[in-house]
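> File follows, work_20.cif with mmCIF, N, CA and C atoms:
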```cif
data_entry
loop_
_atom_site.label_atom_id
_atom_site.label_comp_id
_atom_site.auth_asym_id
_atom_site.auth_seq_id
_atom_site.Cartn_x
_atom_site.Cartn_y
_atom_site.Cartn_z
N MET I 30 10.62 12.71 24.21
CA MET I 30 10.70 11.41 24.85
C MET I 30 12.14 10.93 24.79
N THR I 31 12.67 10.48 25.93
CA THR I 31 14.03 9.97 25.95
C THR I 31 14.09 8.63 25.24
N ARG I 32 15.21 8.42 24.61
CA ARG I 32 15.40 7.17 23.88
C ARG I 32 16.20 6.22 24.74
N LYS I 33 15.60 5.13 25.13
CA LYS I 33 16.25 4.10 25.92
C LYS I 33 16.19 2.80 25.14
N THR I 34 17.16 1.96 25.37
CA THR I 34 17.12 0.64 24.77
C THR I 34 16.26 -0.26 25.64
N VAL I 35 15.30 -0.93 25.01
CA VAL I 35 14.41 -1.84 25.73
C VAL I 35 14.57 -3.22 25.12
N ALA I 36 14.89 -4.20 25.96
CA ALA I 36 15.00 -5.58 25.50
C ALA I 36 13.69 -6.30 25.79
N ILE I 37 13.21 -7.05 24.83
CA ILE I 37 11.96 -7.80 25.02
C ILE I 37 12.30 -9.28 24.92
N ARG I 38 12.25 -9.96 26.08
CA ARG I 38 12.53 -11.39 26.10
C ARG I 38 11.43 -12.16 25.41
N GLY I 39 11.81 -13.16 24.67
CA GLY I 39 10.83 -14.04 24.04
C GLY I 39 10.27 -13.50 22.73
N LEU I 40 10.77 -12.36 22.27
CA LEU I 40 10.30 -11.80 21.00
C LEU I 40 10.72 -12.71 19.86
N ASP I 41 9.80 -13.07 19.02
CA ASP I 41 10.06 -13.93 17.87
C ASP I 41 10.97 -13.17 16.90
N THR I 42 12.17 -13.68 16.67
CA THR I 42 13.11 -12.98 15.79
C THR I 42 12.61 -12.94 14.34
N GLY I 43 11.85 -13.93 13.94
CA GLY I 43 11.27 -13.92 12.59
C GLY I 43 10.31 -12.76 12.42
N LEU I 44 9.46 -12.54 13.45
CA LEU I 44 8.53 -11.41 13.41
C LEU I 44 9.30 -10.09 13.41
N TYR I 45 10.32 -10.00 14.25
CA TYR I 45 11.12 -8.78 14.30
C TYR I 45 11.74 -8.48 12.94
N ASN I 46 12.31 -9.50 12.31
CA ASN I 46 12.95 -9.30 11.00
C ASN I 46 11.93 -8.85 9.95
N GLU I 47 10.72 -9.42 10.00
CA GLU I 47 9.67 -9.03 9.06
C GLU I 47 9.26 -7.57 9.29
N VAL I 48 9.08 -7.19 10.55
CA VAL I 48 8.72 -5.80 10.87
C VAL I 48 9.85 -4.86 10.47
N PHE I 49 11.09 -5.28 10.70
CA PHE I 49 12.24 -4.46 10.31
C PHE I 49 12.23 -4.20 8.80
N SER I 50 11.98 -5.25 8.01
CA SER I 50 11.92 -5.10 6.55
C SER I 50 10.79 -4.18 6.12
N MET I 51 9.61 -4.36 6.75
CA MET I 51 8.46 -3.53 6.41
C MET I 51 8.74 -2.06 6.76
N ALA I 52 9.34 -1.83 7.91
CA ALA I 52 9.64 -0.47 8.34
C ALA I 52 10.62 0.18 7.37
N LYS I 53 11.62 -0.57 6.96
CA LYS I 53 12.62 -0.05 6.03
C LYS I 53 11.97 0.33 4.70
N LYS I 54 11.08 -0.54 4.19
CA LYS I 54 10.38 -0.25 2.93
C LYS I 54 9.54 1.02 3.03
N ASP I 55 8.92 1.22 4.20
CA ASP I 55 8.03 2.37 4.39
C ASP I 55 8.77 3.62 4.87
N GLY I 56 10.09 3.51 5.07
CA GLY I 56 10.85 4.66 5.52
C GLY I 56 10.58 5.01 6.98
N LYS I 57 10.27 4.00 7.78
CA LYS I 57 9.97 4.23 9.20
C LYS I 57 10.96 3.46 10.06
N ARG I 58 10.92 3.74 11.36
CA ARG I 58 11.75 3.00 12.32
C ARG I 58 10.90 1.91 12.96
N VAL I 59 11.54 0.82 13.35
CA VAL I 59 10.85 -0.27 14.02
C VAL I 59 10.17 0.25 15.28
N SER I 60 10.84 1.14 16.00
CA SER I 60 10.26 1.67 17.24
C SER I 60 8.95 2.40 16.97
N ASP I 61 8.85 3.10 15.83
CA ASP I 61 7.60 3.79 15.50
C ASP I 61 6.47 2.78 15.30
N LEU I 62 6.77 1.68 14.61
CA LEU I 62 5.75 0.66 14.36
C LEU I 62 5.34 -0.04 15.65
N VAL I 63 6.32 -0.37 16.48
CA VAL I 63 6.01 -1.05 17.75
C VAL I 63 5.22 -0.12 18.66
N ASN I 64 5.62 1.15 18.75
CA ASN I 64 4.87 2.11 19.57
C ASN I 64 3.43 2.24 19.09
N SER I 65 3.23 2.31 17.78
CA SER I 65 1.87 2.40 17.24
C SER I 65 1.05 1.15 17.57
N ALA I 66 1.69 -0.01 17.44
CA ALA I 66 0.98 -1.26 17.74
C ALA I 66 0.62 -1.34 19.23
N LEU I 67 1.54 -0.92 20.10
CA LEU I 67 1.26 -0.95 21.54
C LEU I 67 0.15 0.03 21.91
N LYS I 68 0.17 1.23 21.32
CA LYS I 68 -0.90 2.20 21.57
C LYS I 68 -2.24 1.67 21.10
N ALA I 69 -2.25 1.04 19.93
CA ALA I 69 -3.50 0.47 19.40
C ALA I 69 -4.01 -0.63 20.33
N TYR I 70 -3.10 -1.44 20.85
CA TYR I 70 -3.49 -2.51 21.77
C TYR I 70 -4.08 -1.92 23.06
N ILE I 71 -3.43 -0.91 23.60
CA ILE I 71 -3.91 -0.26 24.82
C ILE I 71 -5.28 0.37 24.60
N ASN I 72 -5.49 0.97 23.43
CA ASN I 72 -6.76 1.62 23.11
C ASN I 72 -7.86 0.63 22.73
N GLY I 73 -7.54 -0.66 22.75
CA GLY I 73 -8.56 -1.67 22.45
C GLY I 73 -8.74 -1.92 20.97
N ASP I 74 -7.85 -1.40 20.15
CA ASP I 74 -7.92 -1.63 18.71
C ASP I 74 -7.10 -2.86 18.36
N SER I 75 -7.40 -3.98 18.98
CA SER I 75 -6.53 -5.14 18.84
C SER I 75 -6.95 -6.11 17.75
N THR I 76 -7.95 -5.76 16.93
CA THR I 76 -8.28 -6.64 15.81
C THR I 76 -7.19 -6.47 14.76
N PRO I 77 -6.88 -7.52 14.00
CA PRO I 77 -5.80 -7.42 13.01
C PRO I 77 -5.99 -6.27 12.02
N GLU I 78 -7.22 -6.04 11.59
CA GLU I 78 -7.47 -4.96 10.62
C GLU I 78 -7.15 -3.60 11.24
N LYS I 79 -7.62 -3.40 12.48
CA LYS I 79 -7.40 -2.11 13.13
C LYS I 79 -5.92 -1.91 13.45
N LEU I 80 -5.23 -2.98 13.86
CA LEU I 80 -3.81 -2.85 14.15
C LEU I 80 -3.03 -2.48 12.89
N ALA I 81 -3.33 -3.16 11.79
CA ALA I 81 -2.63 -2.86 10.53
C ALA I 81 -2.86 -1.41 10.14
N GLU I 82 -4.09 -0.94 10.31
CA GLU I 82 -4.43 0.44 9.96
C GLU I 82 -3.69 1.42 10.87
N SER I 83 -3.66 1.13 12.17
CA SER I 83 -3.00 2.02 13.12
C SER I 83 -1.50 2.06 12.88
N VAL I 84 -0.91 0.92 12.62
CA VAL I 84 0.53 0.85 12.46
C VAL I 84 0.97 1.50 11.15
N ALA I 85 0.20 1.30 10.10
CA ALA I 85 0.61 1.77 8.78
C ALA I 85 0.56 3.28 8.64
N ASN I 86 -0.38 3.95 9.33
CA ASN I 86 -0.52 5.41 9.26
C ASN I 86 -0.51 5.93 7.83
N GLY I 87 -1.43 5.42 7.02
CA GLY I 87 -1.57 5.94 5.66
C GLY I 87 -0.93 5.06 4.61
N ILE I 88 0.07 4.32 4.95
CA ILE I 88 0.64 3.38 3.99
C ILE I 88 0.18 2.01 4.44
N MET I 89 -0.73 1.43 3.67
CA MET I 89 -1.33 0.16 4.07
C MET I 89 -0.34 -0.97 3.83
N VAL I 90 -0.28 -1.92 4.76
CA VAL I 90 0.58 -3.08 4.63
C VAL I 90 -0.26 -4.31 4.88
N GLN I 91 -0.21 -5.25 3.95
CA GLN I 91 -0.94 -6.49 4.12
C GLN I 91 -0.12 -7.46 4.96
N ALA I 92 -0.76 -8.52 5.41
CA ALA I 92 -0.07 -9.51 6.22
C ALA I 92 1.14 -10.07 5.48
N ALA I 93 1.04 -10.26 4.18
CA ALA I 93 2.14 -10.80 3.41
C ALA I 93 3.27 -9.80 3.25
N GLY I 94 3.04 -8.55 3.60
CA GLY I 94 4.08 -7.54 3.53
C GLY I 94 4.15 -6.80 2.22
N SER I 95 3.18 -7.00 1.32
CA SER I 95 3.24 -6.29 0.04
C SER I 95 2.78 -4.85 0.22
N PHE I 96 3.36 -3.98 -0.57
CA PHE I 96 3.10 -2.55 -0.50
C PHE I 96 1.76 -2.21 -1.14
N VAL I 97 1.03 -1.29 -0.52
CA VAL I 97 -0.24 -0.82 -1.07
C VAL I 97 -0.17 0.69 -1.19
N LEU I 98 -0.28 1.19 -2.42
CA LEU I 98 -0.33 2.62 -2.68
C LEU I 98 -1.77 3.06 -2.50
N THR I 99 -2.02 4.05 -1.64
CA THR I 99 -3.39 4.51 -1.41
C THR I 99 -3.58 5.93 -1.92
N VAL I 100 -4.71 6.15 -2.57
CA VAL I 100 -5.12 7.49 -3.01
C VAL I 100 -6.44 7.73 -2.31
N GLU I 101 -6.47 8.68 -1.37
CA GLU I 101 -7.65 8.88 -0.54
C GLU I 101 -8.43 10.12 -0.92
N ASP I 102 -9.74 10.04 -0.74
CA ASP I 102 -10.70 11.14 -0.85
C ASP I 102 -10.40 12.11 -1.99
N ASP I 103 -9.95 13.31 -1.67
CA ASP I 103 -9.70 14.33 -2.69
C ASP I 103 -8.33 14.18 -3.33
N GLY I 104 -7.61 13.13 -2.99
CA GLY I 104 -6.29 12.92 -3.55
C GLY I 104 -6.35 12.62 -5.04
N GLU I 105 -5.29 13.00 -5.74
CA GLU I 105 -5.21 12.75 -7.18
C GLU I 105 -3.78 12.38 -7.54
N VAL I 106 -3.63 11.27 -8.27
CA VAL I 106 -2.32 10.79 -8.66
C VAL I 106 -2.35 10.42 -10.14
N THR I 107 -1.29 10.77 -10.86
CA THR I 107 -1.12 10.36 -12.25
C THR I 107 0.12 9.48 -12.31
N LEU I 108 -0.03 8.28 -12.89
CA LEU I 108 1.08 7.34 -12.97
C LEU I 108 1.43 7.05 -14.43
N SER I 109 2.71 7.11 -14.74
CA SER I 109 3.20 6.73 -16.06
C SER I 109 3.75 5.31 -15.99
N LYS I 110 4.13 4.77 -17.14
CA LYS I 110 4.73 3.45 -17.18
C LYS I 110 5.99 3.42 -16.31
N SER I 111 6.84 4.43 -16.44
CA SER I 111 8.08 4.43 -15.66
C SER I 111 7.81 4.55 -14.16
N ASP I 112 6.76 5.27 -13.78
CA ASP I 112 6.39 5.36 -12.35
C ASP I 112 6.05 3.98 -11.81
N VAL I 113 5.20 3.26 -12.55
CA VAL I 113 4.77 1.92 -12.11
C VAL I 113 5.96 0.98 -12.05
N LEU I 114 6.80 1.00 -13.08
CA LEU I 114 7.97 0.12 -13.10
C LEU I 114 8.94 0.46 -11.97
N ASP I 115 9.15 1.74 -11.70
CA ASP I 115 10.05 2.15 -10.61
C ASP I 115 9.53 1.68 -9.25
N VAL I 116 8.24 1.86 -9.00
CA VAL I 116 7.66 1.42 -7.72
C VAL I 116 7.77 -0.09 -7.58
N SER I 117 7.46 -0.83 -8.65
CA SER I 117 7.51 -2.29 -8.55
C SER I 117 8.95 -2.79 -8.41
N ARG I 118 9.91 -2.09 -9.00
CA ARG I 118 11.32 -2.46 -8.80
C ARG I 118 11.74 -2.22 -7.36
N GLU I 119 11.31 -1.10 -6.80
CA GLU I 119 11.68 -0.72 -5.43
C GLU I 119 10.96 -1.56 -4.37
N MET I 120 9.65 -1.78 -4.56
CA MET I 120 8.82 -2.40 -3.53
C MET I 120 8.37 -3.82 -3.86
N GLY I 121 8.58 -4.27 -5.08
CA GLY I 121 8.04 -5.54 -5.53
C GLY I 121 6.62 -5.32 -6.04
N PRO I 122 5.97 -6.39 -6.49
CA PRO I 122 4.58 -6.23 -6.97
C PRO I 122 3.74 -5.57 -5.88
N PHE I 123 2.90 -4.61 -6.28
CA PHE I 123 2.15 -3.84 -5.29
C PHE I 123 0.69 -3.72 -5.67
N ARG I 124 -0.12 -3.30 -4.70
CA ARG I 124 -1.55 -3.07 -4.88
C ARG I 124 -1.82 -1.58 -4.84
N ILE I 125 -2.93 -1.19 -5.46
CA ILE I 125 -3.37 0.20 -5.40
C ILE I 125 -4.79 0.21 -4.87
N GLU I 126 -5.06 1.04 -3.88
CA GLU I 126 -6.42 1.25 -3.38
C GLU I 126 -6.74 2.72 -3.56
N SER I 127 -7.86 3.00 -4.24
CA SER I 127 -8.18 4.39 -4.56
C SER I 127 -9.60 4.75 -4.17
N SER I 128 -9.72 5.87 -3.47
CA SER I 128 -11.02 6.48 -3.24
C SER I 128 -10.97 7.93 -3.71
N GLY I 129 -9.92 8.25 -4.46
CA GLY I 129 -9.75 9.58 -5.04
C GLY I 129 -9.76 9.49 -6.55
N THR I 130 -8.88 10.23 -7.19
CA THR I 130 -8.76 10.19 -8.65
C THR I 130 -7.38 9.66 -9.01
N LEU I 131 -7.36 8.63 -9.83
CA LEU I 131 -6.12 8.00 -10.27
C LEU I 131 -6.14 7.95 -11.79
N VAL I 132 -5.10 8.49 -12.41
CA VAL I 132 -5.01 8.52 -13.87
C VAL I 132 -3.75 7.77 -14.30
N PHE I 133 -3.93 6.79 -15.18
CA PHE I 133 -2.80 6.09 -15.78
C PHE I 133 -2.53 6.72 -17.14
N GLU I 134 -1.28 7.12 -17.38
CA GLU I 134 -0.93 7.74 -18.65
C GLU I 134 -1.01 6.72 -19.78
N LYS I 135 -1.04 7.20 -21.02
CA LYS I 135 -1.24 6.34 -22.19
C LYS I 135 -0.11 5.35 -22.41
N ASP I 136 1.05 5.58 -21.83
CA ASP I 136 2.17 4.65 -22.04
C ASP I 136 2.11 3.42 -21.13
N VAL I 137 1.17 3.36 -20.19
CA VAL I 137 1.06 2.21 -19.29
C VAL I 137 0.54 1.02 -20.10
N ASP I 138 1.36 -0.05 -20.13
CA ASP I 138 1.03 -1.22 -20.94
C ASP I 138 1.08 -2.48 -20.09
N SER I 139 0.99 -3.65 -20.75
CA SER I 139 0.97 -4.92 -20.02
C SER I 139 2.25 -5.14 -19.23
N GLU I 140 3.38 -4.66 -19.74
CA GLU I 140 4.64 -4.79 -19.00
C GLU I 140 4.55 -4.07 -17.66
N ALA I 141 4.05 -2.86 -17.67
CA ALA I 141 3.90 -2.09 -16.43
C ALA I 141 2.87 -2.74 -15.51
N LEU I 142 1.77 -3.23 -16.09
CA LEU I 142 0.70 -3.82 -15.28
C LEU I 142 1.14 -5.10 -14.57
N ARG I 143 2.18 -5.76 -15.06
CA ARG I 143 2.68 -6.96 -14.37
C ARG I 143 3.19 -6.62 -12.97
N GLY I 144 3.61 -5.37 -12.77
CA GLY I 144 4.09 -4.94 -11.46
C GLY I 144 2.99 -4.62 -10.47
N ILE I 145 1.73 -4.61 -10.94
CA ILE I 145 0.59 -4.30 -10.07
C ILE I 145 -0.20 -5.59 -9.82
N GLU I 146 -0.33 -5.97 -8.55
CA GLU I 146 -1.09 -7.17 -8.21
C GLU I 146 -2.58 -6.96 -8.41
N LYS I 147 -3.09 -5.83 -7.91
CA LYS I 147 -4.53 -5.56 -7.94
C LYS I 147 -4.76 -4.07 -7.77
N ILE I 148 -5.85 -3.59 -8.39
CA ILE I 148 -6.27 -2.21 -8.22
C ILE I 148 -7.67 -2.25 -7.63
N VAL I 149 -7.84 -1.69 -6.44
CA VAL I 149 -9.14 -1.66 -5.78
C VAL I 149 -9.67 -0.23 -5.87
N ILE I 150 -10.77 -0.08 -6.61
CA ILE I 150 -11.39 1.24 -6.75
C ILE I 150 -12.52 1.30 -5.74
N LEU I 151 -12.26 1.91 -4.58
CA LEU I 151 -13.23 1.96 -3.50
C LEU I 151 -14.34 2.96 -3.82
N SER I 152 -13.97 4.11 -4.27
CA SER I 152 -14.89 5.14 -4.72
C SER I 152 -14.05 6.06 -5.59
N GLY I 153 -14.59 7.16 -6.04
CA GLY I 153 -13.80 8.01 -6.91
C GLY I 153 -13.68 7.38 -8.28
N GLU I 154 -12.65 7.78 -9.02
CA GLU I 154 -12.52 7.24 -10.37
C GLU I 154 -11.08 6.95 -10.74
N VAL I 155 -10.94 5.97 -11.61
CA VAL I 155 -9.65 5.61 -12.17
C VAL I 155 -9.78 5.73 -13.68
N LYS I 156 -8.90 6.52 -14.29
CA LYS I 156 -8.92 6.73 -15.74
C LYS I 156 -7.77 5.97 -16.37
N VAL I 157 -8.11 5.16 -17.40
CA VAL I 157 -7.11 4.31 -18.04
C VAL I 157 -7.17 4.48 -19.57
N PRO I 158 -6.05 4.22 -20.25
CA PRO I 158 -6.04 4.31 -21.71
C PRO I 158 -6.95 3.25 -22.35
N LYS I 159 -7.62 3.62 -23.45
CA LYS I 159 -8.53 2.70 -24.15
C LYS I 159 -7.85 1.39 -24.52
N LYS I 160 -6.62 1.49 -25.03
CA LYS I 160 -5.93 0.29 -25.53
C LYS I 160 -5.64 -0.72 -24.42
N SER I 161 -5.55 -0.28 -23.17
CA SER I 161 -5.23 -1.18 -22.06
C SER I 161 -6.45 -1.49 -21.19
N TYR I 162 -7.61 -1.00 -21.57
CA TYR I 162 -8.82 -1.14 -20.75
C TYR I 162 -9.11 -2.60 -20.35
N PRO I 163 -9.07 -3.57 -21.30
CA PRO I 163 -9.34 -4.96 -20.90
C PRO I 163 -8.37 -5.49 -19.84
N GLN I 164 -7.10 -5.10 -19.95
CA GLN I 164 -6.11 -5.54 -18.97
C GLN I 164 -6.39 -4.94 -17.59
N PHE I 165 -6.87 -3.70 -17.58
CA PHE I 165 -7.23 -3.07 -16.30
C PHE I 165 -8.46 -3.74 -15.70
N LEU I 166 -9.42 -4.13 -16.54
CA LEU I 166 -10.61 -4.82 -16.03
C LEU I 166 -10.22 -6.09 -15.27
N ILE I 167 -9.22 -6.78 -15.77
CA ILE I 167 -8.75 -8.02 -15.13
C ILE I 167 -8.11 -7.71 -13.77
N LYS I 168 -7.39 -6.60 -13.67
CA LYS I 168 -6.67 -6.24 -12.44
C LYS I 168 -7.55 -5.56 -11.39
N CYS I 169 -8.71 -5.03 -11.80
CA CYS I 169 -9.49 -4.16 -10.91
C CYS I 169 -10.61 -4.86 -10.15
N GLN I 170 -10.80 -4.41 -8.94
CA GLN I 170 -12.01 -4.69 -8.16
C GLN I 170 -12.70 -3.34 -8.09
N ILE I 171 -13.89 -3.25 -8.70
CA ILE I 171 -14.51 -1.94 -8.93
C ILE I 171 -15.71 -1.71 -8.03
N LYS I 172 -15.62 -0.68 -7.20
CA LYS I 172 -16.76 -0.20 -6.41
C LYS I 172 -17.03 1.25 -6.76
N GLY I 173 -16.10 1.86 -7.48
CA GLY I 173 -16.21 3.24 -7.93
C GLY I 173 -16.38 3.26 -9.44
N LYS I 174 -15.57 4.07 -10.11
CA LYS I 174 -15.71 4.25 -11.56
C LYS I 174 -14.38 3.98 -12.27
N LEU I 175 -14.43 3.11 -13.28
CA LEU I 175 -13.29 2.84 -14.14
C LEU I 175 -13.63 3.44 -15.50
N GLU I 176 -12.87 4.45 -15.90
CA GLU I 176 -13.19 5.18 -17.13
C GLU I 176 -12.04 5.05 -18.12
N LYS I 177 -12.39 4.79 -19.41
CA LYS I 177 -11.35 4.75 -20.44
C LYS I 177 -11.32 6.07 -21.18
N TYR I 178 -10.13 6.46 -21.63
CA TYR I 178 -9.99 7.70 -22.40
C TYR I 178 -9.14 7.47 -23.62
#
```
I need this file expressed as structure tokens, please.


Amino acid sequence: MTRKTVAIRGLDTGLYNEVFSMAKKDGKRVSDLVNSALKAYINGDSTPEKLAESVANGIMVQAAGSFVLTVEDDGEVTLSKSDVLDVSREMGPFRIESSGTLVFEKDVDSEALRGIEKIVILSGEVKVPKKSYPQFLIKCQIKGKLEKY
């Protein structure tokens, strides 16, 4: 596809700046996000939930712009304290949505958990250290399994 410059009259600069920031955080180009949104609109996927899903392509973005780490189906992720702190430093406080297997290492403590807004366990399981279990209960919305080890 040839790359042409397209000017859109009347585009809200505040919206553009927000999309630009979101694209930069996700490592994408604004044109990719706009193209995805336009395709979703043409295909009739114009509800806000469907548009967000279409535009994000695996990296979920909430209206407020906060980052959501997703672990899907057969996916498996292990996070240490430094992993959580690094992500929250880079992206700001973030959410985790899991339908796979998510393991928090034993060094994950209350300091690291401050960087996580919420953990949504859709299905699958999340394994957490015994000593931090109560703190995880506060952060979690559980539809799957929260297991302490």

> Given the file shown, determine the residues that the PyMOL selection byres ((chain I and resi 103) around 6) selects; report them as a PyMOL selection string.

chain I and resi 101-102+104-105+128-130

> May I ask which of the residues I:Val132, I:Ala69, I:Leu114, I:Leu142 is the closest one to Pro158 of chain I, counting only C-alpha atoms?

I:Val132

> Output as an MDAnalysis selection string all residues of chain I that backbone DSSP marks as strand (DSSP E).

chainID I and resid 89:90 96:100 105:108 123:127 130:133 145:150 154:157 169:171 174:177

> For a test of reading the model, state the distance in Å between atom CA of Thr99 of chain I and atom N of Val59 of chain I, rounded to one decimal.

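One can read the atom CA of Thr99 of chain I to atom N of Val59 of chain I distance as 21.3 Å.
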
> Applied to this file, what does the PyMOL selection byres (((chain I and resi 54 and name CA) around 10) and name CA) return in terms of residues, put as a PyMOL selection string?

chain I and resi 48-53+55-57+94-96+119-120
